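Novice: As input, take input-v7.cif (mmCIF, C-alpha atoms):
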```cif
data_work
loop_
_atom_site.label_atom_id
_atom_site.label_comp_id
_atom_site.auth_asym_id
_atom_site.auth_seq_id
_atom_site.Cartn_x
_atom_site.Cartn_y
_atom_site.Cartn_z
CA MET Z 12 0.00 0.00 0.00
CA ILE Z 13 3.04 2.30 0.22
CA GLU Z 14 3.43 4.62 -2.76
CA TYR Z 15 7.06 5.36 -3.51
CA LEU Z 16 7.54 9.11 -4.08
CA GLY Z 17 10.29 9.41 -6.64
CA TRP Z 18 10.36 13.20 -6.87
CA ASP Z 19 10.47 13.71 -3.10
CA SER Z 20 13.09 10.99 -2.71
CA ASP Z 21 15.34 12.49 -5.38
CA PHE Z 22 14.91 16.04 -4.11
CA PHE Z 23 15.55 15.34 -0.43
CA GLN Z 24 18.06 12.55 -1.08
CA LYS Z 25 16.26 10.00 1.10
CA LYS Z 26 13.75 7.26 0.35
CA ILE Z 27 10.25 8.65 0.98
CA GLY Z 28 6.87 6.99 0.63
CA LYS Z 29 3.22 7.81 1.20
CA VAL Z 30 0.32 5.85 2.61
CA ASP Z 31 -3.36 6.80 2.47
CA ILE Z 32 -4.88 6.08 5.87
CA THR Z 33 -8.36 7.17 4.78
CA ASP Z 34 -8.93 3.51 3.92
CA GLU Z 35 -9.88 1.94 7.26
CA SER Z 36 -8.52 -1.42 6.13
CA ILE Z 37 -4.97 -0.04 6.20
CA ASN Z 38 -2.90 -1.44 9.06
CA LEU Z 39 -0.55 1.46 9.70
CA SER Z 40 1.73 -0.50 12.03
CA ARG Z 41 2.27 -3.08 9.29
CA GLU Z 42 2.90 -0.37 6.69
CA ILE Z 43 5.50 1.26 8.95
CA GLU Z 44 7.20 -2.11 9.39
CA VAL Z 45 7.22 -2.66 5.63
CA ALA Z 46 8.64 0.84 5.08
CA TYR Z 47 11.41 0.17 7.59
CA ASN Z 48 12.30 -3.19 6.03
CA GLU Z 49 12.35 -1.64 2.55
CA GLY Z 50 14.78 1.08 3.58
CA TYR Z 51 12.47 4.09 3.70
CA SER Z 52 13.67 7.06 5.72
CA LEU Z 53 10.33 8.86 5.86
CA LEU Z 54 6.70 7.83 5.46
CA TYR Z 55 3.95 10.41 4.89
CA ALA Z 56 0.49 9.34 6.09
CA PHE Z 57 -2.57 11.22 4.81
CA GLY Z 58 -6.11 10.90 6.11
CA ALA Z 59 -9.01 12.50 7.93
CA CYS Z 60 -8.66 10.33 11.01
CA GLU Z 61 -6.85 11.25 14.20
CA ILE Z 62 -3.96 8.96 15.15
CA ASP Z 63 -2.64 8.25 18.64
CA LEU Z 64 1.03 8.71 17.88
CA ASN Z 65 2.05 7.13 21.18
CA GLU Z 66 1.25 3.76 19.60
CA TYR Z 67 4.06 4.23 17.09
CA LYS Z 68 6.76 6.20 18.86
CA SER Z 69 8.45 3.04 20.10
CA VAL Z 70 8.90 1.70 16.55
CA VAL Z 71 9.90 4.88 14.69
CA ARG Z 72 12.58 7.48 15.25
CA GLU Z 73 9.99 10.26 15.37
CA ALA Z 74 6.28 10.63 14.61
CA ASN Z 75 4.44 13.92 14.29
CA LEU Z 76 1.23 15.45 13.05
CA VAL Z 77 2.86 18.06 10.83
CA ASP Z 78 -0.11 19.57 9.02
CA LYS Z 79 -3.85 19.84 8.84
CA LYS Z 80 -4.16 20.60 5.15
CA VAL Z 81 -7.25 22.63 4.31
CA ILE Z 82 -8.56 22.92 0.76
CA TYR Z 83 -10.75 25.99 0.24
CA LYS Z 84 -13.08 26.14 -2.74
CA ILE Z 85 -15.28 28.75 -4.41
CA ASP Z 86 -17.96 28.01 -7.01
CA LEU Z 87 -17.47 30.18 -10.10
CA GLN Z 88 -20.58 29.20 -12.02
CA ASP Z 89 -22.75 32.21 -12.89
CA LYS Z 90 -20.23 34.52 -11.18
CA GLN Z 91 -18.50 37.62 -12.48
CA PHE Z 92 -15.36 39.23 -11.09
CA GLU Z 93 -13.71 42.41 -12.29
CA SER Z 94 -10.04 42.22 -13.21
CA ASN Z 95 -7.61 44.65 -11.62
CA TYR Z 96 -5.28 44.05 -14.57
CA LEU Z 97 -2.40 42.93 -12.42
CA ARG Z 98 0.72 42.12 -14.39
CA ASP Z 99 1.38 38.48 -15.28
CA VAL Z 100 5.12 37.82 -15.35
CA THR Z 101 7.22 35.13 -17.02
CA CYS Z 102 10.95 34.93 -16.40
CA ASP Z 103 13.79 32.48 -15.90
CA GLU Z 104 15.53 34.42 -13.11
CA VAL Z 105 14.33 34.44 -9.51
CA SER Z 106 14.84 37.87 -7.97
CA ALA Z 107 15.33 38.39 -4.25
CA ASP Z 108 11.76 39.75 -4.04
CA PHE Z 109 10.28 36.56 -5.50
CA GLU Z 110 12.53 34.37 -3.38
CA ASN Z 111 11.48 36.12 -0.17
CA LEU Z 112 7.79 35.96 -1.14
CA ALA Z 113 8.11 32.24 -1.81
CA TYR Z 114 9.55 31.71 1.68
CA GLU Z 115 6.81 33.90 3.18
CA SER Z 116 4.18 31.73 1.48
CA GLY Z 117 5.63 28.61 3.09
CA LYS Z 118 6.07 29.71 6.71
CA TYR Z 119 3.38 27.24 7.83
CA SER Z 120 4.58 24.49 5.51
CA ARG Z 121 5.22 21.04 6.97
CA PHE Z 122 8.62 21.13 5.27
CA TYR Z 123 9.47 24.19 7.36
CA LEU Z 124 7.85 23.13 10.63
CA ASP Z 125 9.25 19.59 10.65
CA LYS Z 126 12.75 20.19 11.95
CA ASN Z 127 13.90 16.76 10.79
CA PHE Z 128 14.31 18.50 7.44
CA GLU Z 129 17.30 20.80 7.14
CA SER Z 130 16.45 24.50 6.91
CA HIS Z 131 18.06 24.62 3.48
CA ASP Z 132 15.70 21.82 2.34
CA PHE Z 133 12.71 24.09 2.85
CA ARG Z 134 14.43 26.95 1.06
CA ARG Z 135 15.52 24.76 -1.85
CA LEU Z 136 11.97 23.42 -2.20
CA TYR Z 137 10.24 26.78 -2.28
CA TYR Z 138 12.93 28.28 -4.49
CA SER Z 139 12.30 25.43 -6.93
CA TRP Z 140 8.53 26.03 -6.82
CA ILE Z 141 8.76 29.75 -7.52
CA GLN Z 142 11.38 29.20 -10.22
CA LYS Z 143 9.18 26.64 -12.01
CA SER Z 144 6.16 28.90 -11.57
CA LEU Z 145 7.87 31.94 -13.05
CA SER Z 146 9.08 29.92 -16.03
CA LYS Z 147 5.49 28.64 -16.41
CA GLN Z 148 6.43 24.98 -15.97
CA ILE Z 149 3.91 24.46 -13.15
CA ALA Z 150 1.83 27.66 -13.32
CA ASP Z 151 -0.08 29.40 -16.08
CA ARG Z 152 -0.15 32.82 -14.45
CA VAL Z 153 2.01 34.64 -11.90
CA PHE Z 154 0.25 37.86 -10.98
CA ILE Z 155 2.22 40.47 -9.06
CA ILE Z 156 1.83 43.71 -7.12
CA GLU Z 157 4.69 46.19 -7.24
CA ASP Z 158 5.61 49.10 -4.99
CA ASN Z 159 8.65 51.35 -5.51
CA GLU Z 160 10.07 48.96 -8.10
CA HIS Z 161 9.81 45.99 -5.74
CA VAL Z 162 7.50 43.00 -6.05
CA VAL Z 163 5.56 43.05 -2.77
CA GLY Z 164 2.84 40.52 -3.59
CA MET Z 165 2.42 37.56 -5.88
CA VAL Z 166 0.14 34.63 -6.61
CA THR Z 167 0.61 31.63 -8.90
CA LEU Z 168 -2.36 30.15 -10.72
CA LYS Z 169 -2.90 26.89 -12.60
CA ILE Z 170 -5.82 26.99 -15.02
CA ALA Z 171 -7.82 23.84 -15.71
CA GLU Z 172 -11.47 22.81 -15.33
CA THR Z 173 -10.85 23.62 -11.68
CA ALA Z 174 -8.33 26.46 -11.28
CA GLN Z 175 -5.86 26.23 -8.42
CA ILE Z 176 -3.75 28.74 -6.55
CA GLY Z 177 -0.27 27.47 -5.74
CA LEU Z 178 1.83 30.09 -3.95
CA ILE Z 179 0.39 33.33 -2.62
CA ALA Z 180 2.13 35.88 -0.42
CA VAL Z 181 2.40 39.55 0.45
CA SER Z 182 5.69 40.72 1.92
CA ALA Z 183 5.59 41.15 5.70
CA GLY Z 184 5.92 44.93 5.65
CA MET Z 185 3.08 45.34 3.14
CA GLN Z 186 0.39 43.22 4.74
CA GLY Z 187 -2.89 44.83 5.77
CA LYS Z 188 -3.09 47.05 2.68
CA GLY Z 189 -5.62 44.93 0.76
CA TYR Z 190 -3.05 43.43 -1.59
CA GLY Z 191 -4.09 39.88 -0.79
CA LYS Z 192 -7.66 40.67 -1.84
CA LEU Z 193 -6.39 42.14 -5.12
CA LEU Z 194 -4.44 38.96 -5.85
CA ILE Z 195 -7.42 36.73 -5.10
CA ASN Z 196 -9.76 38.85 -7.21
CA GLU Z 197 -7.37 38.64 -10.15
CA CYS Z 198 -7.33 34.84 -9.87
CA LEU Z 199 -11.12 34.76 -9.69
CA ALA Z 200 -11.46 36.98 -12.76
CA GLU Z 201 -8.92 34.92 -14.71
CA ALA Z 202 -10.56 31.63 -13.75
CA VAL Z 203 -14.01 32.91 -14.82
CA LYS Z 204 -12.53 34.17 -18.10
CA HIS Z 205 -11.33 30.64 -18.83
CA HIS Z 206 -14.68 29.09 -17.84
CA CYS Z 207 -13.30 27.23 -14.83
CA SER Z 208 -15.96 25.69 -12.62
CA TYR Z 209 -14.19 26.31 -9.33
CA LEU Z 210 -11.14 27.94 -7.83
CA ILE Z 211 -9.36 26.09 -5.02
CA VAL Z 212 -6.52 27.07 -2.73
CA PRO Z 213 -4.72 24.94 -0.16
CA THR Z 214 -3.54 26.25 3.19
CA GLN Z 215 -2.87 25.00 6.70
CA TYR Z 216 -5.49 24.85 9.46
CA ASP Z 217 -3.02 26.41 11.91
CA ASN Z 218 -2.64 29.41 9.62
CA ARG Z 219 -5.74 31.04 11.04
CA GLN Z 220 -5.03 34.37 9.36
CA ALA Z 221 -5.09 32.71 5.93
CA CYS Z 222 -8.18 30.63 6.74
CA ASN Z 223 -10.11 33.70 7.92
CA PHE Z 224 -8.97 35.62 4.85
CA TYR Z 225 -10.19 32.98 2.39
CA GLU Z 226 -13.52 32.69 4.16
CA LYS Z 227 -13.98 36.46 3.97
CA CYS Z 228 -13.25 36.19 0.23
CA GLY Z 229 -16.16 33.76 -0.16
CA PHE Z 230 -14.31 30.43 -0.06
CA SER Z 231 -15.61 27.48 1.93
CA ILE Z 232 -13.83 24.39 3.20
CA GLN Z 233 -13.85 21.47 0.79
CA SER Z 234 -11.69 19.10 2.84
CA ILE Z 235 -9.32 18.83 5.78
CA THR Z 236 -6.57 16.22 5.70
CA ASN Z 237 -4.25 15.28 8.55
CA VAL Z 238 -0.67 14.80 7.43
CA TYR Z 239 1.73 12.75 9.56
CA HIS Z 240 5.47 12.24 9.18
CA PHE Z 241 6.96 8.98 10.40
CA TRP Z 242 10.75 9.10 10.45
CA LEU Z 243 12.34 5.65 10.38
#
```
Give the structure from the file, written as structure tokens.

Specialist:
Amino acid sequence: MIEYLGWDSDFFQKKIGKVDITDESINLSREIEVAYNEGYSLLYAFGACEIDLNEYKSVVREANLVDKKVIYKIDLQDKQFESNYLRDVTCDEVSADFENLAYESGKYSRFYLDKNFESHDFRRLYYSWIQKSLSKQIADRVFIIEDNEHVVGMVTLKIAETAQIGLIAVSAGMQGKGYGKLLINECLAEAVKHHCSYLIVPTQYDNRQACNFYEKCGFSIQSITNVYHFWL
């Protein structure tokens, strides 16, 4: 039942797998044993259920609930949103502004909060995500807000039948000015323009500021998933 995660394993230079514990037939203790015997260093476990981690701490190096992943969703059918005509950028270079915004967007990330990862692992990961977004490998739009020749806000958007926001951030010194709302509105307008049925955005349950913000923007919770890290 363990899914080998090739990209994660290559990126972090350790064998990493994933198990879906939503299926009640999954015996997590057995899956952890299999992962250990097959040389995994880390097992992600995803599901809605709550786990008593004390049952596993004697058989793993460390076990933690690292994230409650929340997916917010807004129905776009029969909706209209006015574009603010924010600039969509494409580039191969990652400026310091974009790099810092990428790190700001990930400050509640499980890859940042789980200290079994090196700090440079988190930075490498988010640098890679913003780089691939700006070059339009994993994003279709990167809308920005500029102030005094600096990029102070950005959002990445993937357009499909359901549009999805990837990274979104406003620099720390510029928060509270309504820039986040401008970025969301631009994504909503772009998604409607391309006849997307919904717009979704993931965040973390512990990031209460983000959760409250999305709810004020009209999003509602589609799902909440507990994410556990078992280090072997």

Novice: What is the distance, in Å and to one decimal place, between CA of Lys188 (chain Z) and CA of Lys147 (chain Z)?

Specialist: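 Going from CA of Lys188 (chain Z) over to CA of Lys147 (chain Z), I get 27.9 Å.
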
Novice: Please expand the PyMOL selection byres ((chain Z and resi 132-135) around 8) into the concrete residues it hits in this file, giving the result as a PyMOL selection string.

Specialist: chain Z and resi 23+114+122-123+128-131+136-139

Novice: Include C-alpha atoms and write out the residues we just selected as a PDB file, in the coordinates of the input.

Specialist:
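So out_19.pdb came out as:
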```pdb
ATOM      1  CA  PHE Z  23      15.550  15.340  -0.430  1.00  0.00           C
ATOM      2  CA  TYR Z 114       9.550  31.710   1.680  1.00  0.00           C
ATOM      3  CA  PHE Z 122       8.620  21.130   5.270  1.00  0.00           C
ATOM      4  CA  TYR Z 123       9.470  24.190   7.360  1.00  0.00           C
ATOM      5  CA  PHE Z 128      14.310  18.500   7.440  1.00  0.00           C
ATOM      6  CA  GLU Z 129      17.300  20.800   7.140  1.00  0.00           C
ATOM      7  CA  SER Z 130      16.450  24.500   6.910  1.00  0.00           C
ATOM      8  CA  HIS Z 131      18.060  24.620   3.480  1.00  0.00           C
ATOM      9  CA  LEU Z 136      11.970  23.420  -2.200  1.00  0.00           C
ATOM     10  CA  TYR Z 137      10.240  26.780  -2.280  1.00  0.00           C
ATOM     11  CA  TYR Z 138      12.930  28.280  -4.490  1.00  0.00           C
ATOM     12  CA  SER Z 139      12.300  25.430  -6.930  1.00  0.00           C
TER      13      SER Z 139
END
```

Novice: What would the selection look like, as a PDB file with C-alpha atoms, keeping the file's coordinate frame, if the PyMOL selection byres ((chain Z and resi 240) around 6) were run on the coordinates I just shared?

Specialist:
```pdb
ATOM      1  CA  LEU Z  54       6.700   7.830   5.460  1.00  0.00           C
ATOM      2  CA  TYR Z  55       3.950  10.410   4.890  1.00  0.00           C
ATOM      3  CA  ALA Z  74       6.280  10.630  14.610  1.00  0.00           C
ATOM      4  CA  ASN Z  75       4.440  13.920  14.290  1.00  0.00           C
ATOM      5  CA  TYR Z 239       1.730  12.750   9.560  1.00  0.00           C
ATOM      6  CA  PHE Z 241       6.960   8.980  10.400  1.00  0.00           C
TER       7      PHE Z 241
END
```

Novice: What do you get, as a ChimeraX atom specification, if you spell out every residue that the PyMOL selection byres ((chain Z and resi 57) around 6) selects here?

Specialist: /Z:31-32,56,58,237-238

Novice: Show me, as a PyMOL selection string, the residues that have an atom within 7 Å of Ala200 (chain Z) when counting only C-alpha atoms, minus same-chain residues fewer than 2 positions from it.

Specialist: chain Z and resi 92-94+196-198+202-204

Novice: Just write the chosen residues, C-alpha atoms, as a PDB file, in the frame of the given file.

Specialist:
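Final output, saved to again-v1.pdb:
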```pdb
ATOM      1  CA  PHE Z  92     -15.360  39.230 -11.090  1.00  0.00           C
ATOM      2  CA  GLU Z  93     -13.710  42.410 -12.290  1.00  0.00           C
ATOM      3  CA  SER Z  94     -10.040  42.220 -13.210  1.00  0.00           C
ATOM      4  CA  ASN Z 196      -9.760  38.850  -7.210  1.00  0.00           C
ATOM      5  CA  GLU Z 197      -7.370  38.640 -10.150  1.00  0.00           C
ATOM      6  CA  CYS Z 198      -7.330  34.840  -9.870  1.00  0.00           C
ATOM      7  CA  ALA Z 202     -10.560  31.630 -13.750  1.00  0.00           C
ATOM      8  CA  VAL Z 203     -14.010  32.910 -14.820  1.00  0.00           C
ATOM      9  CA  LYS Z 204     -12.530  34.170 -18.100  1.00  0.00           C
TER      10      LYS Z 204
END
```

Novice: Give me, as a tab-separated table, the closest atom pair and its distance (Å, one decimal) for every residue of region 98-151 of chain Z within a cut-off of 9 Å of region 173-178 of chain Z, counting only C-alpha atoms, rows sorted by chain and rising number.

Specialist:
```
residue	atom	partner	partner_atom	distance
Z:Leu112	CA	Z:Leu178	CA	8.8
Z:Ala113	CA	Z:Leu178	CA	7.0
Z:Ser116	CA	Z:Leu178	CA	6.1
Z:Gly117	CA	Z:Leu178	CA	8.1
Z:Trp140	CA	Z:Leu178	CA	8.3
Z:Ile141	CA	Z:Leu178	CA	7.8
Z:Ser144	CA	Z:Gly177	CA	8.8
Z:Ala150	CA	Z:Gly177	CA	7.9
```

Novice: Using only C-alpha atoms for the distances, tell me which of Z:Asp86, Z:Asp108, Z:Glu73, Z:Asp63 is nearest to Gly229 (chain Z).

Specialist: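 Closest residue, counting only C-alpha atoms: Z:Asp86.
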
Novice: Residues proximal to (-13.0, 17.1, 5.9) were defined as those with any atom within 9 Å of that point in the file's coordinates, counting all atoms listed in the file. Which are they, as a PyMOL selection string?

Specialist: chain Z and resi 59+81-82+232-236

Novice: Using all atoms listed in the file and a cutoff of 10 Å, can you tell me which residues are near (6.9, 42.4, -7.5) in the file's coordinates, and write them out as a count of residues only?

Specialist: 21
